[in-house]
Amino acid sequence: MDTQALALALPLIGWASHTALLTHRLATARRDPLTGLRTRAGWTALAERVIRRHRDAVVLLLDLDDFKNLNDSHGHAAGDFALAATAQRLAAWCGRNGIAGRLGGDEFVAIARQAPDLESLCRALRQPVVHAGHRLPVSVSVGSCYVRDLPVRSLSDALAVADCSMYAAKGTAGRRGLRPLSR
């Protein structure tokens, strides 16, 4: 290759490399490194599209119960393992009909295009996980909002209703399970 062609090609190669790096950073910023789920920003953009297009969508907010106790009793590696297991179970439940995300800490979010069987999700989430030879109890409070029940379809309203529902589920006897406020 002659020097003139090389002089013309180098800036293009640099630009292509820089673009690839930025694309990679953007993609990884939309995924939680521990669970592989979408981050708040990545999930929100997709969830807003689902709400606009699917009247029967359901929005879920999930929070692990007694997570601090799990970390304190079994260590942070066990806590991380429980978070990853919860993420896998939630993503499996969503399948191709929904999107799961991690808001941060022990809080998760999901949206499904149609109202699937929420009880099956609760059963799956309540299954203990085995880490380092120990059977760890896992329970999750789940709040839900059916988009069709909202006066105006908006993600922020759906999340607010699901949040109230989740805290109501935390306040029930045993602090476990599902308690939808809207239906």
# chains A, B, ... in the order shown; residues from 1 in each chain; ligands from 1
$ residues_around --residues "stretch 33-49 of chain A" --least-positions-apart "6" --cutoff "8 Å" --atoms "only C-alpha atoms" --output "list in words"
Asp80, Leu83, Ala84, Ala87, Gln88, Ala91, Ile99, Ala100, Gly101, Arg102, Leu103, Gly104, Ile111, Ser154 and Leu155 of chain A
$ select_by_dssp --residues "chain A" --states "strand (DSSP E)" --output "PyMOL selection string"
chain A and resi 58-64+98-104+107-112+129-131+134-136+140-146+177-178
$ residues_around --residues "A:Arg135" --least-positions-apart "5" --cutoff "12 Å" --atoms "only C-alpha atoms" --output "PDB file with all heavy atoms, in the first residue's frame"
ATOM      1  N   LEU A  70     -29.954 -11.633  54.221  1.00  0.00           N
ATOM      2  CA  LEU A  70     -29.291 -12.669  53.422  1.00  0.00           C
ATOM      3  C   LEU A  70     -27.815 -12.316  53.248  1.00  0.00           C
ATOM      4  O   LEU A  70     -26.935 -13.160  53.449  1.00  0.00           O
ATOM      5  CB  LEU A  70     -29.971 -12.812  52.057  1.00  0.00           C
ATOM      6  CG  LEU A  70     -29.362 -13.864  51.143  1.00  0.00           C
ATOM      7  CD1 LEU A  70     -30.087 -15.183  51.304  1.00  0.00           C
ATOM      8  CD2 LEU A  70     -29.410 -13.405  49.716  1.00  0.00           C
ATOM      9  N   HIS A  74     -25.034 -14.683  55.036  1.00  0.00           N
ATOM     10  CA  HIS A  74     -24.348 -15.611  54.137  1.00  0.00           C
ATOM     11  C   HIS A  74     -23.245 -14.961  53.304  1.00  0.00           C
ATOM     12  O   HIS A  74     -22.551 -15.661  52.564  1.00  0.00           O
ATOM     13  CB  HIS A  74     -25.360 -16.289  53.214  1.00  0.00           C
ATOM     14  CG  HIS A  74     -26.395 -17.067  53.945  1.00  0.00           C
ATOM     15  ND1 HIS A  74     -26.148 -18.322  54.468  1.00  0.00           N
ATOM     16  CD2 HIS A  74     -27.675 -16.768  54.284  1.00  0.00           C
ATOM     17  CE1 HIS A  74     -27.233 -18.758  55.069  1.00  0.00           C
ATOM     18  NE2 HIS A  74     -28.166 -17.830  54.975  1.00  0.00           N
ATOM     19  N   ALA A  78     -23.176 -14.647  48.244  1.00  0.00           N
ATOM     20  CA  ALA A  78     -24.475 -15.332  48.276  1.00  0.00           C
ATOM     21  C   ALA A  78     -25.583 -14.382  47.839  1.00  0.00           C
ATOM     22  O   ALA A  78     -26.502 -14.774  47.104  1.00  0.00           O
ATOM     23  CB  ALA A  78     -24.756 -15.882  49.670  1.00  0.00           C
ATOM     24  N   PHE A  81     -25.445 -14.024  44.177  1.00  0.00           N
ATOM     25  CA  PHE A  81     -25.966 -15.250  43.562  1.00  0.00           C
ATOM     26  C   PHE A  81     -27.499 -15.237  43.573  1.00  0.00           C
ATOM     27  O   PHE A  81     -28.134 -15.604  42.588  1.00  0.00           O
ATOM     28  CB  PHE A  81     -25.428 -16.479  44.295  1.00  0.00           C
ATOM     29  CG  PHE A  81     -25.722 -17.762  43.596  1.00  0.00           C
ATOM     30  CD1 PHE A  81     -24.938 -18.182  42.537  1.00  0.00           C
ATOM     31  CD2 PHE A  81     -26.791 -18.545  43.989  1.00  0.00           C
ATOM     32  CE1 PHE A  81     -25.215 -19.377  41.876  1.00  0.00           C
ATOM     33  CE2 PHE A  81     -27.079 -19.742  43.338  1.00  0.00           C
ATOM     34  CZ  PHE A  81     -26.287 -20.154  42.268  1.00  0.00           C
ATOM     35  N   ALA A  82     -28.093 -14.805  44.680  1.00  0.00           N
ATOM     36  CA  ALA A  82     -29.555 -14.721  44.776  1.00  0.00           C
ATOM     37  C   ALA A  82     -30.105 -13.694  43.792  1.00  0.00           C
ATOM     38  O   ALA A  82     -31.151 -13.918  43.167  1.00  0.00           O
ATOM     39  CB  ALA A  82     -29.978 -14.385  46.201  1.00  0.00           C
ATOM     40  N   GLN A 127     -38.622 -20.078  45.122  1.00  0.00           N
ATOM     41  CA  GLN A 127     -37.783 -21.268  45.231  1.00  0.00           C
ATOM     42  C   GLN A 127     -36.430 -20.892  45.831  1.00  0.00           C
ATOM     43  O   GLN A 127     -35.827 -19.899  45.428  1.00  0.00           O
ATOM     44  CB  GLN A 127     -37.577 -21.914  43.863  1.00  0.00           C
ATOM     45  CG  GLN A 127     -38.847 -22.429  43.234  1.00  0.00           C
ATOM     46  CD  GLN A 127     -39.511 -23.476  44.093  1.00  0.00           C
ATOM     47  OE1 GLN A 127     -38.872 -24.404  44.571  1.00  0.00           O
ATOM     48  NE2 GLN A 127     -40.811 -23.308  44.318  1.00  0.00           N
ATOM     49  N   PRO A 128     -35.951 -21.661  46.799  1.00  0.00           N
ATOM     50  CA  PRO A 128     -34.626 -21.362  47.360  1.00  0.00           C
ATOM     51  C   PRO A 128     -33.532 -21.567  46.311  1.00  0.00           C
ATOM     52  O   PRO A 128     -33.742 -22.250  45.310  1.00  0.00           O
ATOM     53  CB  PRO A 128     -34.473 -22.371  48.498  1.00  0.00           C
ATOM     54  CG  PRO A 128     -35.648 -23.252  48.458  1.00  0.00           C
ATOM     55  CD  PRO A 128     -36.582 -22.806  47.394  1.00  0.00           C
ATOM     56  N   VAL A 129     -32.389 -20.954  46.551  1.00  0.00           N
ATOM     57  CA  VAL A 129     -31.231 -21.151  45.689  1.00  0.00           C
ATOM     58  C   VAL A 129     -30.146 -21.833  46.510  1.00  0.00           C
ATOM     59  O   VAL A 129     -30.081 -21.675  47.721  1.00  0.00           O
ATOM     60  CB  VAL A 129     -30.706 -19.822  45.089  1.00  0.00           C
ATOM     61  CG1 VAL A 129     -31.738 -19.193  44.195  1.00  0.00           C
ATOM     62  CG2 VAL A 129     -30.264 -18.860  46.161  1.00  0.00           C
ATOM     63  N   VAL A 130     -29.310 -22.614  45.839  1.00  0.00           N
ATOM     64  CA  VAL A 130     -28.220 -23.300  46.519  1.00  0.00           C
ATOM     65  C   VAL A 130     -26.921 -22.601  46.142  1.00  0.00           C
ATOM     66  O   VAL A 130     -26.578 -22.491  44.961  1.00  0.00           O
ATOM     67  CB  VAL A 130     -28.172 -24.796  46.138  1.00  0.00           C
ATOM     68  CG1 VAL A 130     -26.997 -25.467  46.802  1.00  0.00           C
ATOM     69  CG2 VAL A 130     -29.483 -25.476  46.519  1.00  0.00           C
TER      70      VAL A 130
END
$ select_by_dssp --residues "chain A" --states "alpha helix (DSSP H)" --output "PyMOL selection string"
chain A and resi 3-29+40-53+67-74+76-94+118-125+155-170
$ closest_residue --among "A:Leu62, A:Leu8, A:Cys164, A:Ala112" --to "A:Asn97" --atoms "only C-alpha atoms"
A:Ala112
$ residues_around --residues "A:Pro116" --least-positions-apart "5" --cutoff "12 Å" --atoms "only C-alpha atoms" --output "list in words"
Asp56, Ala57, Val58, Val59, Leu60, Trp93, Cys94, Gly95, Arg96, Asn97, Gly98, Ala110, Ile111, Leu121, Cys122, Ser144 and Tyr146 of chain A
$ write_last_selection --atoms "C-alpha atoms" --output "PDB file, in the first residue's frame"
ATOM      1  CA  ASP A  56     -53.061  -5.677  27.728  1.00  0.00           C
ATOM      2  CA  ALA A  57     -49.519  -5.131  29.018  1.00  0.00           C
ATOM      3  CA  VAL A  58     -48.725  -5.637  32.695  1.00  0.00           C
ATOM      4  CA  VAL A  59     -45.956  -3.778  34.541  1.00  0.00           C
ATOM      5  CA  LEU A  60     -44.283  -5.415  37.548  1.00  0.00           C
ATOM      6  CA  TRP A  93     -40.929 -15.850  32.902  1.00  0.00           C
ATOM      7  CA  CYS A  94     -40.901 -12.845  30.551  1.00  0.00           C
ATOM      8  CA  GLY A  95     -39.601 -14.950  27.686  1.00  0.00           C
ATOM      9  CA  ARG A  96     -40.215 -13.394  24.293  1.00  0.00           C
ATOM     10  CA  ASN A  97     -43.367 -11.645  25.482  1.00  0.00           C
ATOM     11  CA  GLY A  98     -41.713  -9.272  27.901  1.00  0.00           C
ATOM     12  CA  ALA A 110     -40.630  -6.206  34.136  1.00  0.00           C
ATOM     13  CA  ILE A 111     -43.228  -5.611  31.489  1.00  0.00           C
ATOM     14  CA  LEU A 121     -43.822 -16.158  38.567  1.00  0.00           C
ATOM     15  CA  CYS A 122     -44.319 -15.885  42.328  1.00  0.00           C
ATOM     16  CA  SER A 144     -48.391  -5.260  39.380  1.00  0.00           C
ATOM     17  CA  TYR A 146     -52.410  -3.707  34.243  1.00  0.00           C
TER      18      TYR A 146
END
$ residues_around --residues "A:Cys145" --least-positions-apart "5" --cutoff "10 Å" --atoms "only C-alpha atoms" --output "ChimeraX atom specification"
/A:57-61,111,115,150,157-166,180-183
$ write_last_selection --atoms "N, CA and C atoms" --output "mmCIF file, in the first residue's frame"
data_model
loop_
_atom_site.group_PDB
_atom_site.id
_atom_site.type_symbol
_atom_site.label_atom_id
_atom_site.label_comp_id
_atom_site.auth_asym_id
_atom_site.auth_seq_id
_atom_site.Cartn_x
_atom_site.Cartn_y
_atom_site.Cartn_z
ATOM 1 N N ALA A 57 -50.815 -4.978 28.342
ATOM 2 C CA ALA A 57 -49.519 -5.131 29.018
ATOM 3 C C ALA A 57 -49.686 -5.047 30.532
ATOM 4 N N VAL A 58 -48.770 -5.709 31.233
ATOM 5 C CA VAL A 58 -48.725 -5.637 32.695
ATOM 6 C C VAL A 58 -47.304 -5.223 33.096
ATOM 7 N N VAL A 59 -47.232 -4.277 34.027
ATOM 8 C CA VAL A 59 -45.956 -3.778 34.541
ATOM 9 C C VAL A 59 -45.776 -4.329 35.946
ATOM 10 N N LEU A 60 -44.584 -4.840 36.234
ATOM 11 C CA LEU A 60 -44.283 -5.415 37.548
ATOM 12 C C LEU A 60 -43.108 -4.705 38.190
ATOM 13 N N LEU A 61 -43.195 -4.524 39.488
ATOM 14 C CA LEU A 61 -42.063 -4.098 40.304
ATOM 15 C C LEU A 61 -41.820 -5.199 41.319
ATOM 16 N N ILE A 111 -42.001 -5.899 32.215
ATOM 17 C CA ILE A 111 -43.228 -5.611 31.489
ATOM 18 C C ILE A 111 -43.479 -6.783 30.556
ATOM 19 N N ALA A 115 -51.102 -10.171 29.905
ATOM 20 C CA ALA A 115 -51.105 -10.542 31.318
ATOM 21 C C ALA A 115 -50.896 -12.050 31.449
ATOM 22 N N LEU A 150 -55.428 1.821 33.551
ATOM 23 C CA LEU A 150 -55.016 3.209 33.761
ATOM 24 C C LEU A 150 -55.882 4.155 32.934
ATOM 25 N N ASP A 157 -47.166 6.285 35.362
ATOM 26 C CA ASP A 157 -48.364 5.930 36.134
ATOM 27 C C ASP A 157 -48.400 4.439 36.444
ATOM 28 N N ALA A 158 -48.029 3.620 35.475
ATOM 29 C CA ALA A 158 -48.019 2.168 35.695
ATOM 30 C C ALA A 158 -47.018 1.797 36.785
ATOM 31 N N LEU A 159 -45.850 2.423 36.765
ATOM 32 C CA LEU A 159 -44.847 2.144 37.793
ATOM 33 C C LEU A 159 -45.311 2.611 39.168
ATOM 34 N N ALA A 160 -46.015 3.731 39.218
ATOM 35 C CA ALA A 160 -46.524 4.229 40.506
ATOM 36 C C ALA A 160 -47.547 3.265 41.095
ATOM 37 N N VAL A 161 -48.439 2.747 40.269
ATOM 38 C CA VAL A 161 -49.436 1.788 40.745
ATOM 39 C C VAL A 161 -48.754 0.483 41.166
ATOM 40 N N ALA A 162 -47.815 0.004 40.357
ATOM 41 C CA ALA A 162 -47.092 -1.228 40.699
ATOM 42 C C ALA A 162 -46.289 -1.053 41.987
ATOM 43 N N ASP A 163 -45.745 0.127 42.200
ATOM 44 C CA ASP A 163 -44.996 0.413 43.422
ATOM 45 C C ASP A 163 -45.911 0.329 44.646
ATOM 46 N N CYS A 164 -47.082 0.941 44.572
ATOM 47 C CA CYS A 164 -48.051 0.852 45.683
ATOM 48 C C CYS A 164 -48.461 -0.596 45.927
ATOM 49 N N SER A 165 -48.661 -1.326 44.851
ATOM 50 C CA SER A 165 -49.041 -2.731 44.950
ATOM 51 C C SER A 165 -47.935 -3.560 45.594
ATOM 52 N N MET A 166 -46.692 -3.264 45.235
ATOM 53 C CA MET A 166 -45.564 -3.997 45.811
ATOM 54 C C MET A 166 -45.469 -3.744 47.315
ATOM 55 N N PRO A 180 -52.069 -7.639 43.438
ATOM 56 C CA PRO A 180 -52.315 -6.606 42.449
ATOM 57 C C PRO A 180 -53.373 -5.620 42.958
ATOM 58 N N LEU A 181 -53.158 -4.322 42.738
ATOM 59 C CA LEU A 181 -54.141 -3.328 43.129
ATOM 60 C C LEU A 181 -55.099 -3.022 41.992
ATOM 61 N N SER A 182 -54.652 -3.195 40.768
ATOM 62 C CA SER A 182 -55.533 -2.876 39.644
ATOM 63 C C SER A 182 -55.806 -4.128 38.842
ATOM 64 N N ARG A 183 -57.011 -4.228 38.371
ATOM 65 C CA ARG A 183 -57.379 -5.379 37.532
ATOM 66 C C ARG A 183 -58.575 -5.022 36.718
#
$ atom_distance --atom1 "atom CA of A:Ala124" --atom2 "atom CA of A:Ser156"
27.0 Å
$ closest_residue --among "A:Asn71, A:Arg53, A:Thr3, A:Arg31" --to "A:Leu136" --atoms "only C-alpha atoms"
A:Asn71
$ closest_residue --among "A:Val142, A:Leu125, A:Ala9, A:Leu118" --to "A:Thr86" --atoms "only C-alpha atoms"
A:Leu125
$ atom_distance --atom1 "atom CA of A:Arg52" --atom2 "atom CA of A:Val109"
17.6 Å
